[in-house]
Amino acid sequence: MASQDHILTLSCPDKAGIVHSVTGVLAKLGLTVLDLQQFSDPDLKKFFMRVHFGHADSTSQLQAPFGDLAKDLEMDYQIVPKAHKPRVMIMVSKIGHCLNDLLFRQKTGQLNIEIPLIVSNHPEFEGLAKSYGVAFHHLPVTKDTKAEQESRILDLIKEQQIDLVVLARYMQIISPRLCAEMSGRIINIHHSFLPSFKGAKPYHQAYDRGVKIIGATAHFVTADLDEGPIIEQRVARVDHSMSPKELLDEGSNVETQVLAAAVKWWAEKRVFLNGHKTVVFN
């Protein structure tokens, strides 16, 4: 029966009766609500909902009633099979712990995604990609070739029908063009607990400040560096005895957990953009 389960996600201006209207359509068609999460943003007056429902061989019978409901509620919505696997492109530079973690989680079924290709501006991880049976594209980049390289990346996204791009420690600034074309579909892991310690060597900055907590942040990529809507953050406790290298090692563990969680929740349709913030039903 799980193969007949679907996920409905929606957002619309907040008003009374939305849950009743949506679940009423499902009930009328004999479909069962298995899980429902909702949130009303009191500041933006916007409503968000995720519904896991079953059991339907097809959702064609939902098109007409939900089309009417969408017009009435000014609602954006999407219905996808729960078993659907988004196609994910991973981009990486020379630091590979997040890449390796994502590949392992996908291979073992912890992440319900497909990874058809890896793109890197360095050749180091071609062997790792090959060991997982994933295509590897080495696309070097310089200041003079950045536009050409990103055009090739966009070509690959279209050719491979990529749903999501994950920057797994890809140490290049993404151009406004790529940000715009993949808006809401690029996730980055930042090796710091944003908004603190932006830019290069955040663990060294943290060491210099004598912090007691370090962390990592997964966020959507926008044209504003490290300012995109935050999806997930986690922390680890540290103390005065730890060197920058020890902080980096501890931080790397947090980075893999945070990025994997963000990718998992996005793939499961649990993440909604909400202006400069996100709504995450985890």
# chains A, B, ... in the order shown; residues from 1 in each chain; ligands from 1

$ select_by_dssp --residues "region 141-255 of chain A" --states "helix (DSSP H, G or I)" --output "number ranges by chain"
A: 146-159, 176-181, 202-209, 244-255

$ residues_around --residues "region 232-249 of chain A" --least-positions-apart "4" --cutoff "8 Å" --atoms "only C-alpha atoms" --output "mmCIF file with N, CA, C and O atoms, in the first residue's frame"
data_model
loop_
_atom_site.group_PDB
_atom_site.id
_atom_site.type_symbol
_atom_site.label_atom_id
_atom_site.label_comp_id
_atom_site.auth_asym_id
_atom_site.auth_seq_id
_atom_site.Cartn_x
_atom_site.Cartn_y
_atom_site.Cartn_z
ATOM 1 N N PHE A 193 27.905 28.320 12.356
ATOM 2 C CA PHE A 193 26.536 28.535 12.829
ATOM 3 C C PHE A 193 26.143 29.948 12.427
ATOM 4 O O PHE A 193 26.334 30.906 13.172
ATOM 5 N N TYR A 203 36.248 28.207 11.706
ATOM 6 C CA TYR A 203 36.688 27.515 12.918
ATOM 7 C C TYR A 203 37.876 28.237 13.559
ATOM 8 O O TYR A 203 38.015 28.252 14.782
ATOM 9 N N HIS A 204 38.712 28.844 12.737
ATOM 10 C CA HIS A 204 39.810 29.638 13.283
ATOM 11 C C HIS A 204 39.271 30.915 13.934
ATOM 12 O O HIS A 204 39.771 31.345 14.982
ATOM 13 N N TYR A 207 37.918 29.799 17.200
ATOM 14 C CA TYR A 207 39.020 29.535 18.127
ATOM 15 C C TYR A 207 39.538 30.842 18.719
ATOM 16 O O TYR A 207 39.766 30.950 19.937
ATOM 17 N N GLY A 210 37.288 32.053 21.358
ATOM 18 C CA GLY A 210 37.104 31.200 22.523
ATOM 19 C C GLY A 210 35.686 30.693 22.698
ATOM 20 O O GLY A 210 35.174 30.606 23.821
ATOM 21 N N VAL A 211 35.033 30.332 21.610
ATOM 22 C CA VAL A 211 33.632 29.914 21.704
ATOM 23 C C VAL A 211 33.502 28.593 22.468
ATOM 24 O O VAL A 211 34.449 27.816 22.570
ATOM 25 N N LYS A 212 32.326 28.356 22.997
ATOM 26 C CA LYS A 212 32.015 27.108 23.695
ATOM 27 C C LYS A 212 31.082 26.215 22.884
ATOM 28 O O LYS A 212 30.860 25.059 23.251
ATOM 29 N N ILE A 213 30.528 26.745 21.814
ATOM 30 C CA ILE A 213 29.658 25.978 20.925
ATOM 31 C C ILE A 213 30.030 26.297 19.488
ATOM 32 O O ILE A 213 30.207 27.470 19.138
ATOM 33 N N ILE A 214 30.196 25.270 18.670
ATOM 34 C CA ILE A 214 30.355 25.457 17.233
ATOM 35 C C ILE A 214 29.175 24.789 16.543
ATOM 36 O O ILE A 214 28.440 24.011 17.155
ATOM 37 N N GLY A 215 29.006 25.087 15.272
ATOM 38 C CA GLY A 215 27.871 24.497 14.594
ATOM 39 C C GLY A 215 27.997 24.576 13.093
ATOM 40 O O GLY A 215 29.023 24.984 12.554
ATOM 41 N N ALA A 216 26.947 24.163 12.411
ATOM 42 C CA ALA A 216 26.886 24.202 10.950
ATOM 43 C C ALA A 216 25.476 24.569 10.537
ATOM 44 O O ALA A 216 24.509 24.344 11.279
ATOM 45 N N THR A 217 25.360 25.120 9.328
ATOM 46 C CA THR A 217 24.095 25.628 8.835
ATOM 47 C C THR A 217 23.846 25.158 7.413
ATOM 48 O O THR A 217 24.687 25.369 6.539
ATOM 49 N N ALA A 218 22.707 24.532 7.174
ATOM 50 C CA ALA A 218 22.277 24.217 5.815
ATOM 51 C C ALA A 218 21.245 25.262 5.418
ATOM 52 O O ALA A 218 20.285 25.507 6.155
ATOM 53 N N HIS A 219 21.445 25.859 4.257
ATOM 54 C CA HIS A 219 20.549 26.931 3.833
ATOM 55 C C HIS A 219 20.391 26.932 2.320
ATOM 56 O O HIS A 219 21.215 26.377 1.586
ATOM 57 N N ASN A 253 31.796 16.611 11.618
ATOM 58 C CA ASN A 253 30.749 15.657 11.987
ATOM 59 C C ASN A 253 29.372 16.326 11.974
ATOM 60 O O ASN A 253 28.384 15.748 11.500
ATOM 61 N N VAL A 254 29.324 17.546 12.501
ATOM 62 C CA VAL A 254 28.050 18.271 12.532
ATOM 63 C C VAL A 254 27.602 18.613 11.115
ATOM 64 O O VAL A 254 26.416 18.511 10.785
ATOM 65 N N VAL A 258 23.903 17.846 9.465
ATOM 66 C CA VAL A 258 23.023 18.954 9.100
ATOM 67 C C VAL A 258 22.656 18.899 7.619
ATOM 68 O O VAL A 258 21.487 19.051 7.240
ATOM 69 N N LEU A 259 23.645 18.661 6.762
ATOM 70 C CA LEU A 259 23.376 18.626 5.326
ATOM 71 C C LEU A 259 22.484 17.434 4.968
ATOM 72 O O LEU A 259 21.540 17.570 4.180
ATOM 73 N N ALA A 261 20.299 15.970 6.854
ATOM 74 C CA ALA A 261 18.940 16.259 7.326
ATOM 75 C C ALA A 261 18.226 17.198 6.366
ATOM 76 O O ALA A 261 17.052 16.989 6.028
ATOM 77 N N ALA A 262 18.915 18.246 5.920
ATOM 78 C CA ALA A 262 18.297 19.216 5.011
ATOM 79 C C ALA A 262 17.904 18.563 3.691
ATOM 80 O O ALA A 262 16.808 18.810 3.167
#

$ atom_distance --atom1 "CA of Thr142 (chain A)" --atom2 "CA of Pro123 (chain A)"
14.9 Å

$ residues_around --residues "Leu62 (chain A)" --least-positions-apart "2" --cutoff "10 Å" --atoms "only C-alpha atoms" --output "PyMOL selection string"
chain A and resi 25-26+29+58-60+64-67+79

$ write_last_selection --atoms "C-alpha atoms" --output "PDB file, in the first residue's frame"
ATOM      1  CA  VAL A  25     -11.738  16.777  -0.922  1.00  0.00           C
ATOM      2  CA  LEU A  26      -9.657  13.779   0.128  1.00  0.00           C
ATOM      3  CA  LEU A  29     -12.768  10.581  -2.803  1.00  0.00           C
ATOM      4  CA  SER A  58      -3.772   7.564  -9.480  1.00  0.00           C
ATOM      5  CA  THR A  59      -4.289  11.194  -8.470  1.00  0.00           C
ATOM      6  CA  SER A  60      -6.036  12.169 -11.688  1.00  0.00           C
ATOM      7  CA  ALA A  64     -10.433  19.052 -10.953  1.00  0.00           C
ATOM      8  CA  PRO A  65     -11.381  19.558  -7.264  1.00  0.00           C
ATOM      9  CA  PHE A  66      -7.920  20.794  -6.299  1.00  0.00           C
ATOM     10  CA  GLY A  67      -7.825  23.063  -9.345  1.00  0.00           C
ATOM     11  CA  ILE A  79       1.003  16.289  -5.227  1.00  0.00           C
TER      12      ILE A  79
END

$ atom_distance --atom1 "CA of Ile173 (chain A)" --atom2 "CA of Asn121 (chain A)"
12.1 Å

$ residues_around --residues "Ile113 (chain A)" --least-positions-apart "2" --cutoff "10 Å" --atoms "only C-alpha atoms" --output "count of residues only"
21

$ atom_distance --atom1 "CA of Gln38 (chain A)" --atom2 "CA of Thr9 (chain A)"
9.8 Å

$ closest_residue --among "A:Phe53, A:Asp226, A:Ser11, A:Lys82" --to "Ser192 (chain A)" --atoms "only C-alpha atoms"
A:Asp226

$ residues_around --residues "Asp5 (chain A)" --least-positions-apart "5" --cutoff "10 Å" --atoms "only C-alpha atoms" --output "PyMOL selection string"
chain A and resi 31-34+52-58+80-83

$ closest_residue --among "A:Asp224, A:Asp76, A:Asp208, A:Asp35" --to "Ala180 (chain A)" --atoms "only C-alpha atoms"
A:Asp224

$ residues_around --residues "Ser120 (chain A)" --least-positions-apart "3" --cutoff "10 Å" --atoms "only C-alpha atoms" --output "list in words"
Ile90, Met91, Val92, Ser93, Lys94, Pro123, Glu124, Phe125, Glu126, Phe136, His137, His138, Leu139, Pro140, Val141, Leu167, Tyr170 and Met171 of chain A
